Amino acid sequence: MSILAFLRSNAPWLSAGVLLTFLSSFGQTFFISIFAGEIRSEFGLSHGEWGGLYTLGTGLSALVMVWAGGLTDLFRVRVLGALVLLMLMAACLFMALNPVWWLLPAVIFTLRFAGQGMTSHIAVVAMSRWFIATRGKALSIATLGFAAGEALLPLIFVALMIHYDWRLLWGLAGLIAVAGIPILLLLLRHERTPQSMAHLSQSTGMDSRHWTRNQALRHFLFWFMVPALLGPSAFNTAFFFHQVHFADIKNVAHVDLVAMFPFYTAVSIAAMVLSGWALDRLGTARLMPLSQVPMVFAFLLFAQADGPTAMVLGFFFLGLTTGMNATLPSAFWAEFYGTRNIGSIKAMAAALMVLGSAIGPGLTGLGIDLGLEIEAQYVLIAGYFVFATVMMGLGIARARPLLTLAP
């Protein structure tokens, strides 16, 4: 099937995925962090204190994701998605109206759980379940919403902050989130459901069987993947979380740094599309071990950057992994563990990624407060990605033969 025929025949479901991934932006660090200066100033917080509160709220959302992520195995996307978007609207309004610093962990929890956690989880699980032979293509298209959010929202909202109060802009974000509900319901009038597709679109994993979440947790491969699950979410999040501080120490205006984001997004879109095309042909076993190598170069470049050229090159490598990470992991769980329980298995992986996004800002913020400047931290982070790549490669190499074994 040509790409145009694929888009035409699957437009409602793919569009629903794009919508959900785009709206998840309001709970993503790249969006929340553009208000970091205003939040720290409003509540009198240091980098470490703000990072610690962010870690607490995000960590709690990771714990709840372990349970809530499995709901995608039970409920339709149109029902669960609408409820989560209502929660995301409430979270945005919570941030807009919050008067005290000690409620910030609760604000961050609701934003991260509804936005980064459930909204994006619902989208990628639906694509992983609804599509088999074209899973990579579907994921790469649906996750374009992430890229659109990263490219457009920081620029728009940073520009609006020049003229409007930051709290008012969070109210606007809430209105945009809730406006997505009728669009989602319209797109999914004839939705594919977990139940209706149960016998039509399921694929098995290792040993030609469907794995449960408990079985996956007892299998060696899951634990070899843990460093790779934590790394991008932890340190990509940390980079964008401290973007204001990074711009300050590099003597770059914040708006000039944000102006580089569209290039980063363009690279991530290209990597997303190409990795989706490649995984349908090569499988995730060959591609996953290479997916985080660009992060090593990205953080080394950010550490040494003394001008816009090195920063742009750093964003290029960061975008490569970001794009691959939007498609490969979701397809990986379906390919190695089957699709029958993909929601609950992916929920564990999503919880680890959310946990990583909790650890990254808090750890790096504490480092800044203790005198370990962000540039030195980025060198250490590059070393972490070397370790994660080695672990992932060893685990997949050992597990790959199981994909061809009969039960």
# chains A, B, ... in the order shown; residues from 1 in each chain; ligands from 1
>>> select_by_dssp(residues="segment 174-319 of chain A", states="alpha helix (DSSP H)", output="PyMOL selection string")
chain A and resi 174-187+213-217+220-241+243-249+254-258+261-282+284-287+293-304+308-319
>>> residues_around(residues="Pro294 of chain A", least_positions_apart="2", cutoff="10 Å", atoms="only C-alpha atoms", output="list in words")
Leu290, Ser291, Gln292, Val296, Phe297, Ala298, Phe299, Gly314, Phe316, Phe317, Leu318, Gly319, Leu320, Thr321, Thr322, Ala382, Phe385 and Val386 of chain A
>>> closest_residue(among="A:Met288, A:Ile345, A:Ile181, A:Leu282", to="Asp73 of chain A", atoms="only C-alpha atoms")
A:Ile345
>>> residues_around(residues="segment 349-366 of chain A", least_positions_apart="2", cutoff="7 Å", atoms="only C-alpha atoms", output="JSON, numbers by chain")
{"A": [47, 48, 51, 52, 54, 55, 56, 58, 59, 62, 63, 65, 66, 117, 229, 230, 231, 233, 234, 235, 237, 238, 241, 345, 346, 347, 368, 369, 370]}
>>> write_last_selection(atoms="C-alpha atoms", output="short mmCIF file (atom, residue, chain, number, x, y, z; two decimals), in the first residue's frame")
data_model
loop_
_atom_site.label_atom_id
_atom_site.label_comp_id
_atom_site.auth_asym_id
_atom_site.auth_seq_id
_atom_site.Cartn_x
_atom_site.Cartn_y
_atom_site.Cartn_z
CA HIS A 47 17.12 25.73 40.72
CA GLY A 48 17.42 22.79 43.12
CA GLY A 51 13.84 20.74 40.33
CA GLY A 52 13.04 18.88 43.56
CA TYR A 54 9.23 18.85 39.81
CA THR A 55 10.84 15.51 40.65
CA LEU A 56 8.34 14.85 43.43
CA THR A 58 6.61 13.67 38.28
CA GLY A 59 7.69 10.70 40.43
CA ALA A 62 5.09 7.57 37.41
CA LEU A 63 3.74 5.45 40.26
CA MET A 65 1.00 5.28 35.58
CA VAL A 66 1.85 1.69 36.53
CA GLY A 117 1.80 10.17 30.87
CA LEU A 229 14.23 3.72 29.18
CA LEU A 230 15.40 6.11 31.89
CA GLY A 231 18.11 7.94 29.94
CA SER A 233 13.44 10.94 29.40
CA ALA A 234 15.73 11.90 32.29
CA PHE A 235 18.31 13.95 30.44
CA THR A 237 13.88 16.49 30.11
CA ALA A 238 16.74 17.95 32.17
CA PHE A 241 13.97 21.98 32.04
CA ILE A 345 3.41 -3.79 29.60
CA LYS A 346 3.85 -0.42 27.93
CA ALA A 347 2.52 1.20 31.11
CA ILE A 368 23.79 23.19 39.99
CA ASP A 369 23.02 24.20 43.59
CA LEU A 370 26.03 22.17 44.82
#
>>> closest_residue(among="A:Leu185, A:Gly307, A:Leu301, A:Tyr264", to="Arg76 of chain A", atoms="only C-alpha atoms")
A:Leu185
>>> residues_around(residues="Leu279 of chain A", least_positions_apart="6", cutoff="8 Å", atoms="only C-alpha atoms", output="MDAnalysis selection string")
chainID A and resid 136 287 328
>>> write_last_selection(atoms="N, CA, C and O atoms", output="PDB file, in the first residue's frame")
ATOM      1  N   GLY A 136       5.230   0.596  12.362  1.00  0.00           N
ATOM      2  CA  GLY A 136       6.222   1.669  12.361  1.00  0.00           C
ATOM      3  C   GLY A 136       5.720   2.910  11.646  1.00  0.00           C
ATOM      4  O   GLY A 136       5.904   4.036  12.107  1.00  0.00           O
ATOM      5  N   LEU A 287      17.524  -1.961  15.175  1.00  0.00           N
ATOM      6  CA  LEU A 287      17.566  -0.506  15.261  1.00  0.00           C
ATOM      7  C   LEU A 287      17.716   0.032  16.681  1.00  0.00           C
ATOM      8  O   LEU A 287      18.388   1.044  16.896  1.00  0.00           O
ATOM      9  N   LEU A 328      10.455   3.696  17.934  1.00  0.00           N
ATOM     10  CA  LEU A 328      11.061   2.385  18.178  1.00  0.00           C
ATOM     11  C   LEU A 328      10.629   1.721  19.482  1.00  0.00           C
ATOM     12  O   LEU A 328      10.297   0.530  19.477  1.00  0.00           O
TER      13      LEU A 328
END
>>> closest_residue(among="A:Ile34, A:Ile3, A:Val64, A:Ala148", to="Thr21 of chain A", atoms="only C-alpha atoms")
A:Ala148
>>> closest_residue(among="A:Val77, A:Ala114, A:Val390, A:Ala96", to="Leu187 of chain A", atoms="only C-alpha atoms")
A:Val77
>>> residues_around(residues="Asp306 of chain A", least_positions_apart="4", cutoff="9 Å", atoms="only C-alpha atoms", output="MDAnalysis selection string")
chainID A and resid 250:251 302 310:311
>>> residues_around(residues="Met324 of chain A", least_positions_apart="5", cutoff="8 Å", atoms="only C-alpha atoms", output="VMD selection string")
chain A and resid 268 271 to 272 275 to 276 291
>>> atom_distance(atom1="atom CA of Ala151 of chain A", atom2="atom CA of Gly17 of chain A")
17.5 Å
>>> closest_residue(among="A:Phe246, A:Phe157, A:Trp277, A:Tyr384", to="Arg135 of chain A", atoms="only C-alpha atoms")
A:Trp277
>>> closest_residue(among="A:Ile381, A:Ala270, A:Leu139, A:Val244", to="Met127 of chain A", atoms="only C-alpha atoms")
A:Leu139
